[in-house]
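Colleague: Input structure: entry_34.cif, which contains mmCIF, N, CA and C atoms.
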data_upload
#
loop_
_atom_site.label_atom_id
_atom_site.label_comp_id
_atom_site.auth_asym_id
_atom_site.auth_seq_id
_atom_site.Cartn_x
_atom_site.Cartn_y
_atom_site.Cartn_z
N MET A 12 79.60 21.25 49.26
CA MET A 12 79.58 22.70 49.37
C MET A 12 80.26 23.15 50.67
N TRP A 13 80.08 22.38 51.70
CA TRP A 13 80.70 22.76 52.97
C TRP A 13 82.21 22.72 52.88
N ARG A 14 82.76 21.84 52.02
CA ARG A 14 84.21 21.78 51.84
C ARG A 14 84.74 23.09 51.25
N PHE A 15 84.01 23.64 50.31
CA PHE A 15 84.42 24.92 49.71
C PHE A 15 84.45 26.00 50.78
N GLY A 16 83.43 26.05 51.60
CA GLY A 16 83.38 27.04 52.68
C GLY A 16 84.53 26.85 53.65
N LEU A 17 84.84 25.61 53.97
CA LEU A 17 85.96 25.32 54.87
C LEU A 17 87.28 25.75 54.24
N MET A 18 87.46 25.44 52.95
CA MET A 18 88.70 25.84 52.26
C MET A 18 88.84 27.36 52.22
N MET A 19 87.75 28.07 51.98
CA MET A 19 87.80 29.53 51.93
C MET A 19 88.13 30.10 53.31
N THR A 20 87.59 29.50 54.36
CA THR A 20 87.88 29.95 55.72
C THR A 20 89.34 29.75 56.05
N VAL A 21 89.88 28.58 55.70
CA VAL A 21 91.29 28.29 55.96
C VAL A 21 92.18 29.23 55.15
N ALA A 22 91.85 29.47 53.88
CA ALA A 22 92.64 30.36 53.04
C ALA A 22 92.63 31.78 53.58
N ALA A 23 91.47 32.25 54.02
CA ALA A 23 91.38 33.60 54.57
C ALA A 23 92.19 33.72 55.85
N ALA A 24 92.11 32.70 56.70
CA ALA A 24 92.88 32.72 57.94
C ALA A 24 94.37 32.70 57.66
N ALA A 25 94.80 31.89 56.71
CA ALA A 25 96.23 31.82 56.38
C ALA A 25 96.70 33.14 55.80
N GLY A 26 95.92 33.75 54.95
CA GLY A 26 96.29 35.05 54.39
C GLY A 26 96.39 36.12 55.46
N GLY A 27 95.48 36.10 56.40
CA GLY A 27 95.52 37.05 57.51
C GLY A 27 96.76 36.86 58.36
N LEU A 28 97.15 35.62 58.56
CA LEU A 28 98.35 35.36 59.35
C LEU A 28 99.59 35.86 58.63
N ALA A 29 99.63 35.73 57.32
CA ALA A 29 100.79 36.19 56.56
C ALA A 29 100.93 37.70 56.65
N VAL A 30 99.83 38.42 56.51
CA VAL A 30 99.89 39.88 56.59
C VAL A 30 100.30 40.31 57.99
N THR A 31 99.76 39.65 59.01
CA THR A 31 100.13 39.97 60.39
C THR A 31 101.60 39.73 60.62
N ALA A 32 102.13 38.63 60.10
CA ALA A 32 103.54 38.31 60.29
C ALA A 32 104.43 39.37 59.66
N VAL A 33 104.06 39.88 58.51
CA VAL A 33 104.86 40.91 57.84
C VAL A 33 104.79 42.21 58.63
N ALA A 34 103.61 42.56 59.10
CA ALA A 34 103.46 43.80 59.85
C ALA A 34 104.27 43.78 61.14
N GLU A 35 104.46 42.60 61.69
CA GLU A 35 105.20 42.46 62.94
C GLU A 35 106.69 42.22 62.71
N GLU A 36 107.15 42.34 61.48
CA GLU A 36 108.54 42.06 61.15
C GLU A 36 109.23 43.31 60.61
N PRO A 37 109.70 44.19 61.49
CA PRO A 37 110.32 45.43 61.04
C PRO A 37 111.66 45.22 60.33
N HIS A 38 112.21 44.05 60.44
CA HIS A 38 113.50 43.78 59.81
C HIS A 38 113.42 43.74 58.29
N LEU A 39 112.22 43.58 57.75
CA LEU A 39 112.09 43.56 56.29
C LEU A 39 112.48 44.91 55.70
N ALA A 40 112.05 46.00 56.32
CA ALA A 40 112.43 47.33 55.82
C ALA A 40 113.94 47.53 55.95
N GLN A 41 114.51 47.05 57.04
CA GLN A 41 115.95 47.16 57.23
C GLN A 41 116.70 46.35 56.20
N ALA A 42 116.18 45.18 55.87
CA ALA A 42 116.82 44.34 54.86
C ALA A 42 116.80 45.03 53.50
N LEU A 43 115.65 45.63 53.16
CA LEU A 43 115.57 46.35 51.89
C LEU A 43 116.56 47.51 51.85
N ALA A 44 116.70 48.22 52.95
CA ALA A 44 117.65 49.34 53.00
C ALA A 44 119.08 48.84 52.83
N ALA A 45 119.41 47.72 53.48
CA ALA A 45 120.76 47.16 53.36
C ALA A 45 121.04 46.70 51.92
N LEU A 46 120.05 46.09 51.30
CA LEU A 46 120.21 45.66 49.91
C LEU A 46 120.39 46.86 48.99
N ASP A 47 119.66 47.93 49.26
CA ASP A 47 119.80 49.14 48.46
C ASP A 47 121.20 49.73 48.62
N ASP A 48 121.71 49.73 49.86
CA ASP A 48 123.08 50.21 50.09
C ASP A 48 124.09 49.35 49.32
N ALA A 49 123.93 48.04 49.41
CA ALA A 49 124.86 47.13 48.72
C ALA A 49 124.81 47.36 47.22
N ASN A 50 123.62 47.56 46.69
CA ASN A 50 123.48 47.81 45.26
C ASN A 50 124.21 49.10 44.87
N GLY A 51 124.11 50.12 45.71
CA GLY A 51 124.80 51.37 45.45
C GLY A 51 126.31 51.20 45.44
N TYR A 52 126.83 50.44 46.40
CA TYR A 52 128.27 50.20 46.44
C TYR A 52 128.74 49.41 45.22
N LEU A 53 127.97 48.40 44.85
CA LEU A 53 128.33 47.59 43.70
C LEU A 53 128.31 48.39 42.41
N SER A 54 127.39 49.33 42.31
CA SER A 54 127.29 50.12 41.09
C SER A 54 128.49 51.05 40.91
N GLN A 55 129.26 51.27 41.98
CA GLN A 55 130.42 52.16 41.91
C GLN A 55 131.72 51.41 41.63
N THR A 56 131.67 50.09 41.49
CA THR A 56 132.89 49.33 41.24
C THR A 56 133.36 49.52 39.80
N SER A 57 134.64 49.27 39.60
CA SER A 57 135.18 49.38 38.24
C SER A 57 134.72 48.18 37.41
N ASN A 58 134.86 48.28 36.12
CA ASN A 58 134.35 47.27 35.20
C ASN A 58 135.31 46.10 34.97
N ASN A 59 136.33 45.98 35.78
CA ASN A 59 137.31 44.91 35.53
C ASN A 59 137.13 43.74 36.51
N LYS A 60 135.92 43.46 36.89
CA LYS A 60 135.66 42.40 37.87
C LYS A 60 134.98 41.17 37.26
N GLY A 61 135.04 41.05 35.96
CA GLY A 61 134.50 39.86 35.30
C GLY A 61 132.99 39.74 35.36
N GLY A 62 132.30 40.85 35.52
CA GLY A 62 130.83 40.81 35.55
C GLY A 62 130.24 40.39 36.89
N HIS A 63 131.08 40.13 37.87
CA HIS A 63 130.58 39.67 39.17
C HIS A 63 129.74 40.72 39.89
N PRO A 64 130.13 41.99 39.88
CA PRO A 64 129.26 42.98 40.53
C PRO A 64 127.87 43.05 39.88
N GLN A 65 127.82 42.94 38.56
CA GLN A 65 126.53 42.97 37.86
C GLN A 65 125.69 41.75 38.24
N LYS A 66 126.33 40.59 38.36
CA LYS A 66 125.60 39.39 38.77
C LYS A 66 125.07 39.55 40.19
N ALA A 67 125.89 40.15 41.06
CA ALA A 67 125.45 40.38 42.44
C ALA A 67 124.27 41.36 42.46
N MET A 68 124.32 42.37 41.60
CA MET A 68 123.22 43.33 41.54
C MET A 68 121.93 42.65 41.06
N ALA A 69 122.05 41.72 40.16
CA ALA A 69 120.87 40.97 39.70
C ALA A 69 120.30 40.12 40.83
N LEU A 70 121.18 39.52 41.62
CA LEU A 70 120.72 38.73 42.76
C LEU A 70 120.07 39.61 43.82
N ILE A 71 120.60 40.82 43.99
CA ILE A 71 120.00 41.76 44.92
C ILE A 71 118.59 42.12 44.46
N ALA A 72 118.43 42.33 43.17
CA ALA A 72 117.09 42.63 42.64
C ALA A 72 116.13 41.48 42.91
N GLN A 73 116.61 40.24 42.78
CA GLN A 73 115.77 39.09 43.08
C GLN A 73 115.40 39.05 44.57
N ALA A 74 116.37 39.34 45.43
CA ALA A 74 116.12 39.34 46.87
C ALA A 74 115.11 40.42 47.23
N GLU A 75 115.25 41.60 46.63
CA GLU A 75 114.30 42.67 46.89
C GLU A 75 112.90 42.28 46.45
N ALA A 76 112.79 41.61 45.32
CA ALA A 76 111.48 41.17 44.83
C ALA A 76 110.86 40.16 45.78
N GLU A 77 111.67 39.27 46.33
CA GLU A 77 111.16 38.28 47.28
C GLU A 77 110.64 38.95 48.55
N ILE A 78 111.37 39.95 49.02
CA ILE A 78 110.93 40.67 50.22
C ILE A 78 109.65 41.43 49.93
N ARG A 79 109.60 42.09 48.79
CA ARG A 79 108.40 42.86 48.45
C ARG A 79 107.20 41.95 48.22
N ALA A 80 107.44 40.70 47.87
CA ALA A 80 106.34 39.75 47.65
C ALA A 80 105.59 39.46 48.95
N VAL A 81 106.27 39.58 50.08
CA VAL A 81 105.61 39.32 51.36
C VAL A 81 105.28 40.61 52.11
N ALA A 82 105.80 41.72 51.65
CA ALA A 82 105.56 43.00 52.30
C ALA A 82 104.57 43.80 51.45
N PRO A 83 103.39 44.06 51.97
CA PRO A 83 102.39 44.81 51.17
C PRO A 83 102.83 46.23 50.90
#
Could you write out this structure as structure tokens?
Modeller:
Amino acid sequence: MWRFGLMMTVAAAAGGLAVTAVAEEPHLAQALAALDDANGYLSQTSNNKGGHPQKAMALIAQAEAEIRAVAP
């Protein structure tokens, strides 16, 4: 039973550290803004680029999701 308590204490401490790290990282908001800008520029490209802008936009969406996963 004490192992469960120890695991819960470690998990709570690790979770607290993750939230603190995000709160102390203002660059995450800047990164999201830059990705949003890039997405806007890509959406204005012509359709003769072989689908590459659309692929880049999909990757931007993945990057945004990863950032939001750590940013509450």
Colleague: To one decimal place, how far is atom N of His38 of chain A from atom C of Ala72 of chain A in Å?
Modeller: 18.1 Å
Colleague: Between atom CA of Ala40 of chain A and atom CA of Ile78 of chain A, what is the distance, to one decimal in Å?
Modeller: 8.8 Å
Colleague: Figure out the distance between atom N of Ala76 of chain A and atom N of Gly51 of chain A, please, to one decimal in Å.
Modeller: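 We find that atom N of Gly51 of chain A and atom N of Ala76 of chain A lie 14.2 Å from each other.
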Colleague: Got a sec to resolve the PyMOL selection byres (((chain A and resi 39 and name CA) around 12) and name CA) on this structure and send the residues as a PyMOL selection string?
Modeller: chain A and resi 32-38+40-46+74-83
